[in-house]
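Trainee: Right, I'll just put the structure down here and ask away after.
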Amino acid sequence: MSGAALDRGLFRAFDGLDTPIWVFDLDRPGIWDANRAAMRLWGASDRAELIARDFSAMSASTVTRLNGYAAAFREGRTVEENWTFYPKDGPVSVRCVCQGVTIDGGRLAMQVEAQRTPGDAIDHQSLRMVEALRHTSLLVSVYGMDGAPILRNPAAVRAYGDPQRPTGGPERMAAVGADAAEAIIAAVASGDAPGFTGEALAHTVAGPRRHAIDIRRTHDPVTGAPILLVSERDITDRWEAEQDLARLYEEQRQILESVPEGICRLDRHGVVTVMNRAAAALLDVTIDAALGQPFLALTGLTADPAAAGLLPGPASGVFRFRTRTGREIPAKCVSAPLTEGGSGTVLCFHDLSERLANEQALRQAKERAEAGERAKMEFLATMSHEIRTPMNGVLGMASLLLDTGLNDEQLYFTRTIRESAEALLTIINDILDFSKLEAGKLDLEETEFDVAGLVDSVIDILNPRAEAKGLAFSAQITPGVPVLARGDPGRLRQILVNLVGNAVKFTAKGRISLTVERAPDPDGAEPTGAARLRFSVSDTGIGIAPQAQARLFSMFTQVDASMARRYGGSGLGLAICKRLIAIMGGDIGVTSAVGEGSVFWVEAPFAVAADGARPGLAALNGARVLVVDDLGVTGESVRRQLAPWGVETVGCPAAGDALDRLRAAKAAGRPFRAAILDQSRAEGGGEGSGSATARAIRARFAAAELPILLISPVGFALQRGAATAAGVDSVLAKPVRQSLLLDHLARLLGGGGGPTPARPPVKPPPPAARKMRLLLAEDNPVNQQVAVLLLRKQGHSVDVAGDGREAVDAVRDTPIPYDLVLMDVQMPEMDGLEATAAIRALPGDRRRVIIIAMTANAMQGDSDICLKAGMNDYIAKPVTPDKLASVLAAWSQRAAPALPLAPEPPTAPLADEALPLFDEEARAELRDALDEDGLRELERVFLDHAPDQMRAIADTRDPAQLATLAHSLKGGSANLGLTAVRAAALALEQAARAQAPAAELDRRVADLADRFAQTVAALERNSV
């Protein structure tokens, strides 16, 4: 760095000079010192005031200029420039010579010596222009005609560098590039172009920038030489925004063209201004031809008033376009107004032809599928009928044959016939269940049931099969399982019977257990008032290989083909279970290993119908019980069933050790509170061994100290007197049902116990039917014979009709009315439904005969069809003796006397005759037969139709019409026991048939209207 060192003492030598001299500190911007002439030029009152001035707010251009000065000083150069000062007496233009000096031990400073320009030489306008150019953001440069830079304003210097420096920026026009600069210079220099205006990529110090450029030819005011004046404006931000907008527009255009829907923009007159290719293709026009055309004219919708709503929108609808080629297109249109001042509409549309064709095809396919489904269901119903009809004969005849005197061989053959028929019936029922599931025709029942009772019923059904194979069968219900639940107990029992039945079938030895427990909800939070129950069936059977488990729940599938030959079955049971449990909202699964047995489980949610706590079972918690069982089978079952309830069981394999165990426990201060003995196992399994052990225990322990519960086979359980004499406090028959075990033990321990209060009582068998006179309508000779034999065996008198027409004739013509008709549904000539309708239309009491449908159809809805046809009940074939006896017993009490019709009086009652509104006896019998809801339904039907009949009666005086209308009203009111209306209608009918005078007819009509109004009012009051 060059420059003389300067201190304030030396600088004082300049005070006497008239030339302004001052020093500017470049490192710490500010006046370091100044002579008196400089203070006057700066307009300062003294040196201290000038030195104290703040230069921190200098403009960027001034800072840039000072930095340029510093660079020149470091290179040893002196800088000369014209500066303008503004003292109080006006602007002063001076020529400043600047050179570098060092101050305060080495800081770079600028010493300025100013030479005044005469006042008359100052061009104030030029000064203003210079100042403007110094501070403007425009880049202003002066170039020679060769394109070399001569002068730049501070903004241009910042962009391109100082042209006065040897390396001060490009030697040619930086804004347009070398080739373009040559062309522009040549054109402007020759006068071919007055100048150049455009945009170009400028190569600035900061990198490439987009500039707007204006180039003009002029002359140097000093030398008169031609020069180029270039002004530039940085438009990079605007240009980039425009490029982004152009890219966005192109993307939107591509999106618009890629959309398969037709899209148009319409002006406020509905004229197309924008259209994509899809719209043009749909309307059979080119885009160029469509632009400027009214949209409604292009689509042939000019005459459609509904289409006018599309403009300006919003609107939507389906329209039929008619293109200029004559093609008609169903199209879905949606329009919306443009948001900018409502200046137009955007409209989208697409061709519905393919969709409508698909919908039509789907409708046709659906109709074909429904027709096929109906055909399949009708075929299944027919096959059910065709199979069940001979099955009815096989089972009926086998049952009758078993009641005759047979030797052992004959008895074996007959039982085989019945068991084979029942097995075949089970397969048929499985197929029907499968068909119902496939067709979605199976509905679930929603009723309250006892969980323990349902488990016990499964034990009752399958325990005989388990005992026949020597299998131990037990069930347990863990705490937390509700006593009562709501669901479909019939279908749940069907699932459990299938799973337990399979366990019995595939287990040759060992045990089977059924466990019920409360499972966690899969969603994590169990709903209030609900419980998810898990039923697990475990066995020690043959087990299932892993690769075969995936096929278990498929239709008509078993583990392998040999299973069907060895064990039998249709392969539908587990598949049906899976479908049923899925309908219940649950799941089914299995874990198994070959040779180790299997565990099948089902889970399903149920509503909790009542408090799940069992009364009296709290006494079991903590109780110690001794279980005497030499083989351990009963003891293990008892232990598993009692452990969840807090009972500690201790096994004793030998009866002789029981007394020792009891005494030792008492001496240790932990006595047993009860003893459970196995009648068939203790002391070698002798017939009286359990009783002997009980007597030995009772001789040393009182009943109050140690109650005894004896578990025994069913046969011994009936000998309760002998057990009581031996000191046994309670006897429980095998298999051990957990609910009964808990109740018995709780009662013995003082907790009350007893049967679960919430469990519904077992219904007694229906009372035997009174001997009745019956009509059997059946076309199949075998079924006729079976039914006649069964009915006569039960003590009934039976007549047979071979078809529906014979049945109607028999009911109508018999001198002694039948108590009940057993009506087959499918018969030739006239089927059971038609025959029932004909019987219900008979006059008098004969039409009221009880009709029970007998049908082999077992599909959903069959019972509803029969009841709607006028039948009273429904029984499915094959008809077993017990089933038939139960139905006849239920209806025998209602069969006689038949519901009487009110006797027709010989003369019509007069208007002043006092008659009750209702026949209370007849209505009571109706109520017994139909129940209250049924009677209310009949009344509702009467009230729906009778007012129309009354209006028709009031509007006519034609005797024939009056007689017909009155007769119809009379019959309907008589069926409901409406005595007053029936009597008044009868009086009007008789008067009309007798061609009574008009006055008499008017009187009868008025009397009927009055009685009708009173009766209707009474019926409406009673229904409230």
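Following the order of the structure tokens, first chain is A, next is B, and so on, with residues numbered from 1 inside each chain and ligands from 1 in the order they appear.
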Residues at most 9 Å from A:Arg491, counting only C-alpha atoms, excluding those fewer than 2 positions away in the same chain, as a short mmCIF file (atom, residue, chain, number, x, y, z; two decimals) with all heavy atoms, in the first residue's frame?

Mentor:
data_model
loop_
_atom_site.label_atom_id
_atom_site.label_comp_id
_atom_site.auth_asym_id
_atom_site.auth_seq_id
_atom_site.Cartn_x
_atom_site.Cartn_y
_atom_site.Cartn_z
N LEU A 444 -81.06 -65.01 11.88
CA LEU A 444 -80.76 -65.43 13.25
C LEU A 444 -81.87 -64.99 14.20
O LEU A 444 -82.48 -63.94 14.03
CB LEU A 444 -79.44 -64.84 13.71
CG LEU A 444 -78.18 -65.31 12.97
CD1 LEU A 444 -76.97 -64.60 13.54
CD2 LEU A 444 -78.01 -66.81 13.06
N GLU A 445 -82.11 -65.83 15.18
CA GLU A 445 -83.07 -65.51 16.24
C GLU A 445 -82.38 -64.62 17.28
O GLU A 445 -81.17 -64.69 17.47
CB GLU A 445 -83.57 -66.81 16.87
CG GLU A 445 -84.60 -66.64 17.97
CD GLU A 445 -84.96 -67.97 18.62
OE1 GLU A 445 -84.34 -68.99 18.27
OE2 GLU A 445 -85.85 -67.98 19.48
N ASP A 488 -78.85 -66.28 19.36
CA ASP A 488 -79.59 -67.39 18.76
C ASP A 488 -79.10 -68.68 19.38
O ASP A 488 -78.11 -69.27 18.93
CB ASP A 488 -79.36 -67.41 17.24
CG ASP A 488 -80.30 -68.37 16.53
OD1 ASP A 488 -80.71 -69.36 17.16
OD2 ASP A 488 -80.63 -68.12 15.35
N PRO A 489 -79.76 -69.16 20.43
CA PRO A 489 -79.28 -70.38 21.10
C PRO A 489 -79.37 -71.61 20.21
O PRO A 489 -78.55 -72.52 20.32
CB PRO A 489 -80.19 -70.49 22.32
CG PRO A 489 -81.43 -69.74 21.95
CD PRO A 489 -80.99 -68.63 21.06
N ARG A 493 -76.20 -73.81 19.58
CA ARG A 493 -76.23 -75.23 19.94
C ARG A 493 -75.86 -76.10 18.74
O ARG A 493 -75.13 -77.09 18.86
CB ARG A 493 -77.61 -75.61 20.45
CG ARG A 493 -77.70 -77.06 20.95
CD ARG A 493 -79.10 -77.43 21.38
NE ARG A 493 -79.49 -76.68 22.56
CZ ARG A 493 -80.37 -75.67 22.54
NH1 ARG A 493 -80.91 -75.28 21.40
NH2 ARG A 493 -80.68 -75.02 23.65
N GLN A 494 -76.34 -75.72 17.54
CA GLN A 494 -76.01 -76.48 16.34
C GLN A 494 -74.49 -76.50 16.11
O GLN A 494 -73.92 -77.53 15.78
CB GLN A 494 -76.71 -75.85 15.13
CG GLN A 494 -76.38 -76.51 13.80
CD GLN A 494 -77.06 -75.82 12.62
OE1 GLN A 494 -77.92 -74.96 12.81
NE2 GLN A 494 -76.70 -76.19 11.42
N ILE A 495 -73.85 -75.35 16.32
CA ILE A 495 -72.40 -75.27 16.14
C ILE A 495 -71.68 -76.15 17.17
O ILE A 495 -70.78 -76.94 16.83
CB ILE A 495 -71.92 -73.81 16.25
CG1 ILE A 495 -72.48 -72.99 15.08
CG2 ILE A 495 -70.40 -73.73 16.27
CD1 ILE A 495 -72.27 -71.49 15.23
N LEU A 496 -72.09 -76.03 18.45
CA LEU A 496 -71.41 -76.79 19.50
C LEU A 496 -71.66 -78.28 19.34
O LEU A 496 -70.74 -79.10 19.56
CB LEU A 496 -71.88 -76.30 20.87
CG LEU A 496 -71.53 -74.85 21.22
CD1 LEU A 496 -72.06 -74.49 22.59
CD2 LEU A 496 -70.02 -74.63 21.16
N CYS A 577 -70.73 -74.31 10.13
CA CYS A 577 -70.38 -73.64 11.40
C CYS A 577 -69.66 -72.32 11.13
O CYS A 577 -69.93 -71.31 11.79
CB CYS A 577 -69.50 -74.55 12.25
SG CYS A 577 -70.37 -75.99 12.94
N LEU A 580 -72.18 -69.77 9.90
CA LEU A 580 -73.08 -69.34 10.97
C LEU A 580 -72.38 -68.40 11.94
O LEU A 580 -72.93 -67.36 12.33
CB LEU A 580 -73.62 -70.56 11.73
CG LEU A 580 -74.63 -71.44 11.00
CD1 LEU A 580 -74.97 -72.67 11.83
CD2 LEU A 580 -75.91 -70.65 10.70
N ILE A 581 -71.16 -68.76 12.33
CA ILE A 581 -70.46 -67.92 13.31
C ILE A 581 -70.09 -66.59 12.69
O ILE A 581 -70.03 -65.56 13.36
CB ILE A 581 -69.22 -68.66 13.87
CG1 ILE A 581 -68.85 -68.08 15.26
CG2 ILE A 581 -68.06 -68.58 12.94
CD1 ILE A 581 -69.86 -68.37 16.32
#

Trainee: Using only C-alpha atoms, determine which residues lie at most 12 Å from A:Gly470, disregarding the query and same-chain residues fewer than 4 positions distant; provide the list as a CSV table (one decimal) with N, CA, C and O atoms, in the first residue's frame.

Mentor:
chain,number,residue,atom,x,y,z
A,463,ASN,N,-73.6,-87.0,25.3
A,463,ASN,CA,-73.0,-87.9,26.3
A,463,ASN,C,-73.3,-89.4,26.0
A,463,ASN,O,-72.4,-90.2,26.2
A,464,PRO,N,-74.5,-89.8,25.6
A,464,PRO,CA,-74.7,-91.2,25.3
A,464,PRO,C,-73.7,-91.7,24.3
A,464,PRO,O,-73.2,-92.9,24.4
A,465,ARG,N,-73.4,-91.0,23.2
A,465,ARG,CA,-72.4,-91.4,22.3
A,465,ARG,C,-71.0,-91.5,22.9
A,465,ARG,O,-70.2,-92.4,22.6
A,466,ALA,N,-70.7,-90.5,23.7
A,466,ALA,CA,-69.4,-90.5,24.4
A,466,ALA,C,-69.3,-91.7,25.3
A,466,ALA,O,-68.2,-92.4,25.4
A,504,VAL,N,-66.3,-86.5,19.4
A,504,VAL,CA,-66.7,-87.9,19.8
A,504,VAL,C,-66.4,-88.8,18.6
A,504,VAL,O,-65.8,-89.9,18.8
A,507,THR,N,-62.4,-89.5,18.2
A,507,THR,CA,-61.7,-89.8,19.4
A,507,THR,C,-62.0,-91.3,19.8
A,507,THR,O,-63.2,-91.6,20.1
A,508,ALA,N,-61.0,-92.1,19.8
A,508,ALA,CA,-61.2,-93.5,20.2
A,508,ALA,C,-61.1,-93.7,21.7
A,508,ALA,O,-61.8,-94.6,22.3
A,509,LYS,N,-60.2,-93.0,22.4
A,509,LYS,CA,-60.1,-93.1,23.8
A,509,LYS,C,-59.6,-91.8,24.4
A,509,LYS,O,-59.0,-91.0,23.7
A,510,GLY,N,-59.8,-91.7,25.7
A,510,GLY,CA,-59.4,-90.4,26.4
A,510,GLY,C,-60.6,-89.6,26.8
A,510,GLY,O,-61.6,-90.1,27.3
A,511,ARG,N,-60.5,-88.3,26.6
A,511,ARG,CA,-61.5,-87.4,27.1
A,511,ARG,C,-61.8,-86.3,26.1
A,511,ARG,O,-61.0,-86.0,25.2
A,512,ILE,N,-63.0,-85.7,26.3
A,512,ILE,CA,-63.5,-84.5,25.6
A,512,ILE,C,-63.9,-83.5,26.6
A,512,ILE,O,-64.6,-83.9,27.5
A,633,VAL,N,-59.9,-89.7,36.5
A,633,VAL,CA,-60.7,-89.1,35.4
A,633,VAL,C,-61.7,-88.1,36.0
A,633,VAL,O,-61.7,-87.0,35.6
A,735,PRO,N,-72.6,-87.4,33.0
A,735,PRO,CA,-71.4,-86.6,33.1
A,735,PRO,C,-71.6,-85.4,34.0
A,735,PRO,O,-72.7,-84.9,34.1

Trainee: Got a sec: who's within 6 Å of stretch 249-257 of chain A, counting only C-alpha atoms, leaving out chain neighbours fewer than 2 positions off, as a VMD selection string?

Mentor: chain A and resid 246 to 247 259 276 to 277

Trainee: Which one is closest to A:Pro881: A:Gly100, A:Gly396, A:Pro653, A:Pro671? Count only C-alpha atoms.

Mentor: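 Distance minimum relative to A:Pro881 lands on A:Gly396.
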
Trainee: Hey, can you check how far atom CA of A:Ala723 sits from atom CA of A:Leu710?

Mentor: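 Taking atom CA of A:Ala723 as the start and atom CA of A:Leu710 as the end point, the length is 8.1 Å.
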
Trainee: Quick one, how far is atom CA of A:Arg327 from atom CA of A:Ile263?

Mentor: 19.2 Å

Trainee: Would you please work out which residue, of A:Arg661, A:Phe701, A:Ala4, A:Ser739, is nearest to A:Leu617 when using only C-alpha atoms?

Mentor: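 Using only C-alpha atoms, the shortest distance to A:Leu617 belongs to A:Ser739.
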
Trainee: Need the shell around A:Gln738: protein/DNA/RNA residues with any atom at most 9 Å away, counting only C-alpha atoms. Skip same-chain ones fewer than 3 positions apart. Format as a list in words?

Mentor: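 The contact residues come out as Ala452, Asp456, Ser474, Ala475, Gln476, Ile477, Val638, Gln641, Leu642, Leu741, Leu742 and Asp743 of chain A.
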
Trainee: Could you dump the residues just selected with N, CA and C atoms as an mmCIF file, in the first residue's frame?

Mentor:
data_model
loop_
_atom_site.group_PDB
_atom_site.id
_atom_site.type_symbol
_atom_site.label_atom_id
_atom_site.label_comp_id
_atom_site.auth_asym_id
_atom_site.auth_seq_id
_atom_site.Cartn_x
_atom_site.Cartn_y
_atom_site.Cartn_z
ATOM 1 N N ALA A 452 -75.294 -71.762 30.764
ATOM 2 C CA ALA A 452 -75.043 -73.067 31.377
ATOM 3 C C ALA A 452 -76.068 -74.088 30.891
ATOM 4 N N ASP A 456 -75.313 -77.577 29.046
ATOM 5 C CA ASP A 456 -75.850 -78.846 29.561
ATOM 6 C C ASP A 456 -76.637 -79.587 28.499
ATOM 7 N N SER A 474 -66.622 -83.778 29.792
ATOM 8 C CA SER A 474 -66.854 -82.766 30.831
ATOM 9 C C SER A 474 -66.975 -81.392 30.185
ATOM 10 N N ALA A 475 -67.548 -80.496 30.950
ATOM 11 C CA ALA A 475 -67.695 -79.111 30.487
ATOM 12 C C ALA A 475 -67.465 -78.186 31.660
ATOM 13 N N GLN A 476 -66.920 -77.013 31.395
ATOM 14 C CA GLN A 476 -66.720 -76.032 32.455
ATOM 15 C C GLN A 476 -66.950 -74.629 31.922
ATOM 16 N N ILE A 477 -67.477 -73.791 32.795
ATOM 17 C CA ILE A 477 -67.750 -72.387 32.488
ATOM 18 C C ILE A 477 -66.945 -71.552 33.476
ATOM 19 N N VAL A 638 -63.443 -82.674 37.853
ATOM 20 C CA VAL A 638 -63.940 -81.849 38.960
ATOM 21 C C VAL A 638 -62.955 -80.725 39.263
ATOM 22 N N GLN A 641 -63.215 -77.921 36.769
ATOM 23 C CA GLN A 641 -64.461 -77.159 36.839
ATOM 24 C C GLN A 641 -64.545 -76.292 38.095
ATOM 25 N N LEU A 642 -63.856 -76.688 39.161
ATOM 26 C CA LEU A 642 -63.947 -75.933 40.419
ATOM 27 C C LEU A 642 -62.820 -74.918 40.579
ATOM 28 N N LEU A 741 -72.727 -79.003 39.406
ATOM 29 C CA LEU A 741 -71.682 -79.244 40.399
ATOM 30 C C LEU A 741 -71.509 -78.021 41.300
ATOM 31 N N LEU A 742 -71.458 -76.830 40.687
ATOM 32 C CA LEU A 742 -71.309 -75.605 41.490
ATOM 33 C C LEU A 742 -72.492 -75.404 42.412
ATOM 34 N N ASP A 743 -73.699 -75.617 41.886
ATOM 35 C CA ASP A 743 -74.891 -75.407 42.705
ATOM 36 C C ASP A 743 -74.946 -76.387 43.875
#
